[in-house]
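Enquirer: Pasting my_file_7.txt below, which is compact mmCIF, C-alpha atoms.
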```
# COMPACT_ATOMS: atom_id res chain seq x y z
CA MET A 1 0.00 0.00 0.00
CA SER A 2 1.54 3.28 -1.12
CA ARG A 3 2.07 6.10 1.35
CA ILE A 4 1.08 9.36 -0.34
CA LEU A 5 1.85 12.92 0.78
CA ILE A 6 -0.29 15.66 -0.74
CA THR A 7 1.25 19.08 -0.14
CA ILE A 8 -0.78 22.25 -0.61
CA PRO A 9 1.44 25.36 -0.72
CA THR A 10 -0.46 28.42 0.51
CA TRP A 11 0.02 32.15 0.59
CA ASN A 12 -3.06 34.19 1.54
CA GLU A 13 -5.57 31.53 0.48
CA ALA A 14 -8.23 32.20 3.12
CA VAL A 15 -10.89 32.58 0.43
CA VAL A 16 -10.50 29.03 -0.87
CA ILE A 17 -8.59 26.89 1.62
CA GLU A 18 -11.49 25.49 3.68
CA ARG A 19 -13.46 24.49 0.60
CA SER A 20 -10.34 23.09 -1.06
CA LEU A 21 -9.61 20.87 1.94
CA ALA A 22 -13.16 19.56 1.89
CA VAL A 23 -13.02 18.84 -1.86
CA LEU A 24 -9.65 17.17 -1.53
CA ARG A 25 -10.89 15.08 1.40
CA ASP A 26 -13.76 13.76 -0.66
CA ALA A 27 -11.53 13.05 -3.68
CA VAL A 28 -9.03 11.11 -1.58
CA ALA A 29 -11.76 9.10 0.12
CA ARG A 30 -13.34 8.28 -3.22
CA HIS A 31 -10.25 7.60 -5.33
CA LEU A 32 -7.37 6.74 -2.98
CA GLY A 33 -9.12 4.80 -0.26
CA ASP A 34 -6.68 1.89 -0.46
CA ARG A 35 -3.60 4.11 0.10
CA THR A 36 -2.24 5.78 3.21
CA VAL A 37 -2.63 9.52 2.54
CA THR A 38 -1.43 12.56 4.48
CA ILE A 39 -2.46 16.11 3.54
CA GLU A 40 -0.05 18.86 4.53
CA VAL A 41 -0.70 22.58 4.14
CA ALA A 42 2.65 24.35 3.75
CA ASP A 43 1.99 28.00 4.49
CA ASN A 44 4.64 30.54 3.56
CA GLY A 45 3.77 33.74 5.34
CA SER A 46 0.02 34.19 4.95
CA THR A 47 -1.40 37.29 6.63
CA ASP A 48 -5.08 36.86 5.77
CA GLY A 49 -6.08 34.16 8.25
CA THR A 50 -5.22 31.12 6.12
CA ARG A 51 -3.25 29.53 8.95
CA GLU A 52 -6.03 30.12 11.45
CA ILE A 53 -8.58 28.48 9.15
CA VAL A 54 -6.39 25.40 8.72
CA ARG A 55 -5.76 25.21 12.47
CA ASP A 56 -9.51 25.37 13.04
CA VAL A 57 -10.10 22.51 10.62
CA ILE A 58 -7.37 20.50 12.35
CA GLY A 59 -8.87 21.34 15.74
CA HIS A 60 -12.17 19.74 14.80
CA GLY A 61 -10.92 16.20 15.24
CA GLY A 62 -7.34 16.54 14.03
CA ALA A 63 -8.06 14.99 10.65
CA ILE A 64 -10.27 15.38 7.62
CA HIS A 65 -12.45 12.37 6.92
CA GLU A 66 -10.02 10.23 8.94
CA LEU A 67 -7.06 11.53 6.92
CA PRO A 68 -4.09 13.08 8.74
CA LEU A 69 -4.03 16.84 8.15
CA ARG A 70 -0.99 18.87 9.09
CA LEU A 71 0.08 22.50 8.90
CA ILE A 72 3.66 23.67 8.63
CA GLU A 73 4.35 27.37 8.95
CA MET A 74 7.28 29.27 7.45
CA ASN A 75 8.28 32.87 7.83
CA GLY A 76 9.61 33.17 4.29
CA THR A 77 7.58 33.20 1.10
CA GLY A 78 7.58 31.18 -2.06
CA LYS A 79 5.72 28.23 -3.53
CA GLY A 80 8.96 26.37 -4.22
CA MET A 81 10.25 26.79 -0.69
CA ALA A 82 6.94 25.57 0.75
CA ILE A 83 6.81 22.44 -1.38
CA ARG A 84 10.49 21.64 -0.92
CA GLN A 85 10.38 21.92 2.87
CA SER A 86 7.21 19.85 3.08
CA TRP A 87 8.64 17.11 0.89
CA GLU A 88 11.95 17.06 2.77
CA ARG A 89 10.07 16.40 6.01
CA HIS A 90 8.51 13.24 4.58
CA LEU A 91 11.34 11.52 2.74
CA ASP A 92 11.31 8.74 5.34
CA ASP A 93 7.57 8.25 5.82
CA ALA A 94 6.13 8.53 2.29
CA ASP A 95 6.59 6.67 -0.98
CA ILE A 96 5.15 9.30 -3.32
CA LEU A 97 5.25 13.08 -2.84
CA THR A 98 2.66 15.20 -4.60
CA PHE A 99 1.47 18.78 -4.62
CA THR A 100 -1.56 20.64 -5.88
CA ASP A 101 -2.29 24.35 -6.02
CA ALA A 102 -4.46 25.67 -3.19
CA ASP A 103 -7.41 26.53 -5.42
CA LEU A 104 -7.48 22.96 -6.84
CA ALA A 105 -7.61 24.33 -10.38
CA ALA A 106 -6.51 20.87 -11.54
CA ASP A 107 -9.33 18.36 -11.09
CA VAL A 108 -8.20 16.21 -8.16
CA SER A 109 -10.25 13.27 -9.40
CA ALA A 110 -7.13 12.69 -11.54
CA LEU A 111 -5.08 11.78 -8.42
CA PRO A 112 -5.07 8.04 -9.22
CA SER A 113 -3.75 8.77 -12.72
CA LEU A 114 -1.11 11.05 -11.19
CA ILE A 115 0.35 8.44 -8.85
CA ARG A 116 -0.27 5.17 -10.70
CA PRO A 117 2.69 5.42 -13.14
CA ILE A 118 5.01 5.77 -10.15
CA GLU A 119 3.36 2.92 -8.26
CA VAL A 120 3.79 0.51 -11.17
CA GLY A 121 7.37 1.60 -11.83
CA ALA A 122 6.68 3.31 -15.16
CA ALA A 123 7.76 6.81 -14.11
CA ASP A 124 9.61 8.78 -11.44
CA ILE A 125 7.76 12.08 -11.98
CA VAL A 126 4.21 12.54 -13.24
CA CYS A 127 2.98 15.97 -14.35
CA GLY A 128 -0.53 17.16 -15.01
CA SER A 129 -0.82 18.87 -18.38
CA ARG A 130 -3.27 21.35 -19.83
CA TYR A 131 -1.95 20.80 -23.36
CA LEU A 132 -2.34 17.06 -23.92
CA TYR A 133 -5.18 15.51 -25.87
CA GLY A 134 -8.00 14.80 -23.45
CA SER A 135 -7.39 17.81 -21.21
CA ARG A 136 -9.96 20.57 -20.83
CA THR A 137 -9.00 24.08 -19.77
CA TYR A 138 -11.23 26.94 -18.67
CA ARG A 139 -9.32 30.16 -18.05
CA SER A 140 -9.18 33.79 -19.17
CA TRP A 141 -7.71 34.56 -22.59
CA MET A 142 -5.03 36.71 -20.93
CA ARG A 143 -3.79 33.89 -18.74
CA MET A 144 -3.97 31.49 -21.66
CA LEU A 145 -1.81 33.84 -23.74
CA ALA A 146 0.71 34.26 -20.92
CA SER A 147 0.82 30.51 -20.34
CA ARG A 148 1.51 29.78 -24.00
CA THR A 149 4.22 32.46 -24.07
CA TYR A 150 5.89 31.03 -20.99
CA ARG A 151 5.59 27.54 -22.47
CA PHE A 152 7.34 28.63 -25.68
CA LEU A 153 10.19 30.23 -23.74
CA GLN A 154 10.64 27.18 -21.52
CA HIS A 155 10.97 24.95 -24.56
CA ALA A 156 13.32 27.37 -26.30
CA LEU A 157 15.68 27.86 -23.35
CA LEU A 158 15.47 24.58 -21.45
CA HIS A 159 14.21 22.00 -23.97
CA LEU A 160 12.01 20.47 -21.30
CA PRO A 161 10.55 17.06 -22.24
CA VAL A 162 7.00 18.08 -21.25
CA GLU A 163 4.22 20.14 -22.75
CA ASP A 164 3.22 21.92 -19.53
CA ALA A 165 5.94 22.53 -16.96
CA GLN A 166 3.93 24.96 -14.83
CA CYS A 167 0.75 22.99 -14.17
CA GLY A 168 0.36 22.89 -10.39
CA PHE A 169 -0.33 19.17 -10.12
CA LYS A 170 2.67 16.85 -9.86
CA ALA A 171 3.88 13.66 -8.19
CA VAL A 172 7.44 12.49 -7.53
CA SER A 173 8.78 9.21 -6.21
CA VAL A 174 10.74 9.50 -2.98
CA GLY A 175 13.76 8.04 -4.75
CA ALA A 176 13.71 10.80 -7.38
CA ALA A 177 13.07 13.41 -4.68
CA ARG A 178 16.16 12.33 -2.76
CA THR A 179 18.24 12.87 -5.90
CA LEU A 180 16.67 16.14 -7.05
CA LEU A 181 15.76 18.17 -3.96
CA PRO A 182 19.39 18.91 -2.95
CA LEU A 183 19.94 20.42 -6.41
CA LEU A 184 17.01 22.83 -6.35
CA ALA A 185 17.26 26.50 -5.42
CA GLU A 186 14.14 28.21 -6.80
CA ASP A 187 11.93 29.33 -3.91
CA GLY A 188 9.19 30.83 -6.08
CA TRP A 189 6.84 29.70 -8.81
CA LEU A 190 9.63 28.42 -11.09
CA PHE A 191 10.09 25.46 -8.75
CA ASP A 192 8.24 23.20 -11.22
CA THR A 193 10.45 24.24 -14.11
CA GLU A 194 13.66 23.76 -12.15
CA LEU A 195 12.52 20.35 -10.90
CA LEU A 196 11.89 19.17 -14.46
CA ALA A 197 15.08 20.73 -15.84
CA PHE A 198 17.26 18.84 -13.37
CA ALA A 199 15.16 15.69 -13.73
CA SER A 200 15.75 15.76 -17.48
CA LYS A 201 19.50 16.21 -17.02
CA LYS A 202 19.57 13.31 -14.55
CA GLY A 203 17.65 10.98 -16.83
CA VAL A 204 14.68 10.78 -14.47
CA ARG A 205 11.62 9.27 -16.16
CA ILE A 206 8.87 11.87 -16.64
CA VAL A 207 5.30 11.18 -17.72
CA GLU A 208 2.49 13.66 -18.42
CA ILE A 209 -1.22 13.07 -17.98
CA PRO A 210 -4.08 15.25 -19.25
CA VAL A 211 -6.04 17.14 -16.61
CA ASP A 212 -9.11 19.32 -16.51
CA TRP A 213 -8.19 22.82 -15.37
CA ILE A 214 -10.62 25.46 -14.17
CA GLU A 215 -9.19 28.86 -13.29
CA HIS A 216 -10.34 30.19 -9.93
CA ARG A 217 -12.24 33.41 -10.63
CA ASP A 218 -13.14 34.70 -7.17
CA PRO A 219 -12.16 38.41 -7.29
CA ARG A 220 -11.23 38.31 -3.59
CA ARG A 221 -8.37 35.95 -4.36
CA ARG A 222 -5.26 37.65 -5.72
CA SER A 223 -2.76 35.44 -7.47
CA ALA A 224 0.85 35.70 -6.36
CA ILE A 225 1.80 35.63 -10.05
CA GLY A 226 1.10 38.65 -12.24
CA VAL A 227 0.19 37.59 -15.74
CA PHE A 228 2.70 39.84 -17.47
CA ARG A 229 4.37 41.89 -14.75
CA ASN A 230 6.66 38.97 -13.85
CA GLY A 231 7.93 38.59 -17.41
CA TRP A 232 11.48 39.74 -16.70
CA GLY A 233 11.65 37.61 -13.56
CA PHE A 234 10.48 34.63 -15.59
CA LEU A 235 13.11 35.14 -18.29
CA SER A 236 15.94 35.69 -15.85
CA GLY A 237 14.77 32.68 -13.83
CA LEU A 238 14.78 30.46 -16.90
CA TRP A 239 18.28 31.59 -17.76
CA ARG A 240 19.42 30.97 -14.18
CA ILE A 241 17.94 27.45 -14.27
CA ARG A 242 19.53 26.80 -17.68
CA ILE A 243 23.00 27.67 -16.40
CA ARG A 244 22.69 25.69 -13.19
CA SER A 245 21.17 22.62 -14.82
CA GLN A 246 23.90 22.59 -17.47
CA ARG A 247 26.49 22.70 -14.71
CA ASN A 248 24.40 20.13 -12.84
CA THR A 249 25.38 21.68 -9.52
CA ALA A 250 23.71 22.05 -6.16
CA PRO A 251 22.83 25.57 -4.92
```
Hey, can you dump this file as structure tokens for me?
Expert:
Amino acid sequence: MSRILITIPTWNEAVVIERSLAVLRDAVARHLGDRTVTIEVADNGSTDGTREIVRDVIGHGGAIHELPLRLIEMNGTGKGMAIRQSWERHLDDADILTFTDADLAADVSALPSLIRPIEVGAADIVCGSRYLYGSRTYRSWMRMLASRTYRFLQHALLHLPVEDAQCGFKAVSVGAARTLLPLLAEDGWLFDTELLAFASKKGVRIVEIPVDWIEHRDPRRRSAIGVFRNGWGFLSGLWRIRIRSQRNTAP
């Protein structure tokens, strides 16, 4: 029986986190009932009450639907830092490490498809993709344009062996995590890209699966990623990852 960690990185997600935990609970109970699953919220500096909401959920029984629920709190910020620290804490008590964005934009009913290739030994990393045949994506035209631009640049600079490096729905075997985590340095939203860049250089087996993706449209929720304002940071980050992955060095 596989031991699965599901990490949810959060930064000011009070608008969605309680509902997301309930939806995830139901999806795990329905689709992963024969696995041992732990859900961990990795909060990186929320100031809007996200942590308090998670603590309240934990306080009502200490688990969701009989699933262990944990909260780790960090003073720094960054999606990458949150995921990395959560995964590092569970290298000895999990077999597969996963993460999903806090708004559950990726349909979590795809969790079995995300972890099965690792369980059967067919892959070391599995990535959700919004660009494969069979996926369905509902998002604003502006975000779609930005996503396609970022995707083009990632292929041009890093030659990543995937169609969608930035989809916030991924699983990694503990063995691959032990190899890759010491090499990673990106604390922000380029964590996914860096993970895949080093995985490709190391010959780690990567598989993509199609997912349904619905953009969260609640106006009270502000994304940590500006659609275009982070363009220079994205380009410089890709170049930084290119250099480090070519050198194949730890930070």
Enquirer: State, in Å with one decimal place, the distance from CA of Thr10 (chain A) to CA of Asp107 (chain A).
Expert: 17.7 Å
Enquirer: For region 138-153 of chain A, what centre and edge lengths in Å (one decimal) does the axis-aligned box get once 6 Å is added on each side of all its listed atoms, as lines of an AutoDock Vina configuration file?
Expert:
```
center_x = -0.5
center_y = 31.8
center_z = -21.9
size_x = 33.4
size_y = 21.8
size_z = 19.6
```
Enquirer: Give one line per residue of region 29-141 of chain A that approaches region 156-170 of chain A to at most 7 Å, naming the two atoms of the closest pair and their distance in Å to one decimal, counting only C-alpha atoms; sort by chain then ascending residue number and deliver it as a Markdown table.
Expert:
```
| residue | atom | partner | partner_atom | distance |
| --- | --- | --- | --- | --- |
| A:Thr98 | CA | A:Lys170 | CA | 5.5 |
| A:Phe99 | CA | A:Lys170 | CA | 5.7 |
| A:Thr100 | CA | A:Phe169 | CA | 4.7 |
| A:Asp101 | CA | A:Gly168 | CA | 5.3 |
| A:Ala106 | CA | A:Phe169 | CA | 6.6 |
| A:Val126 | CA | A:Lys170 | CA | 5.7 |
| A:Cys127 | CA | A:Lys170 | CA | 4.6 |
| A:Gly128 | CA | A:Phe169 | CA | 5.3 |
| A:Ser129 | CA | A:Asp164 | CA | 5.2 |
| A:Arg130 | CA | A:Asp164 | CA | 6.5 |
| A:Tyr131 | CA | A:Glu163 | CA | 6.2 |
```
Enquirer: Please measure the separation of CA of Leu145 (chain A) and CA of Val23 (chain A), giving the value in Å to one decimal.
Expert: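 Distance between the two atoms: 28.8 Å.
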Enquirer: Have a look at CA of Ser147 (chain A) and CA of Phe234 (chain A) and let me know their distance in Å, one decimal.
Expert: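 The value is 11.5 Å.
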Enquirer: Show which residues sit within 8 Å of Ile118 (chain A), as a PyMOL selection string. Count all atoms listed in the file, and ignore same-chain residues fewer than 4 positions away.
Expert: chain A and resi 96+122-126+172-173
Enquirer: Quick one: residues within 10 Å of Pro112 (chain A), only C-alpha atoms, excluding same-chain residues fewer than 4 positions away - as a list in words?
Expert: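 With the cut-off at 10 Å, the set is Ala27, Val28, His31, Leu32, Val108, Arg116, Pro117 and Glu119 of chain A.
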Enquirer: Go through A:Ile209, A:Val15, A:Tyr133, A:Arg25 and flag the residue nearest Leu69 (chain A), using all atoms listed in the file for the distances.
Expert: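 When distances to Leu69 (chain A) are compared using all atoms listed in the file, the smallest one comes from A:Arg25.
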Enquirer: Skipping near chain neighbours, those fewer than 3 positions away, what residues fall within 6 Å of region 79-85 of chain A using only C-alpha atoms, listed as a list in words?
Expert: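 Here the answer would be Pro9, Ala42, Glu88, Asp187, Gly188, Trp189 and Phe191 of chain A.
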Enquirer: Find the spatial neighbours of Ser86 (chain A), counting only C-alpha atoms, within a cut-off of 12 Å - ignore same-chain residues fewer than 4 positions away - and output them as number ranges by chain.
Expert: A: 5-10, 38-44, 70-74, 79-82, 90-91, 93-94, 97-99, 177, 181
Enquirer: What would the list of residues within 12 Å of (22.5, 18.6, -12.1) (file frame) look like as a list in words, if all atoms listed in the file are what count?
Expert: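 So the residues meeting the distance criterion are Thr179, Leu180, Leu181, Pro182, Leu183, Leu184, Ala185, Glu194, Leu195, Leu196, Ala197, Phe198, Ala199, Ser200, Lys201, Lys202, Gly203, Val204, Ile241, Arg242, Ile243, Arg244, Ser245, Gln246, Arg247, Asn248, Thr249, Ala250 and Pro251 of chain A.
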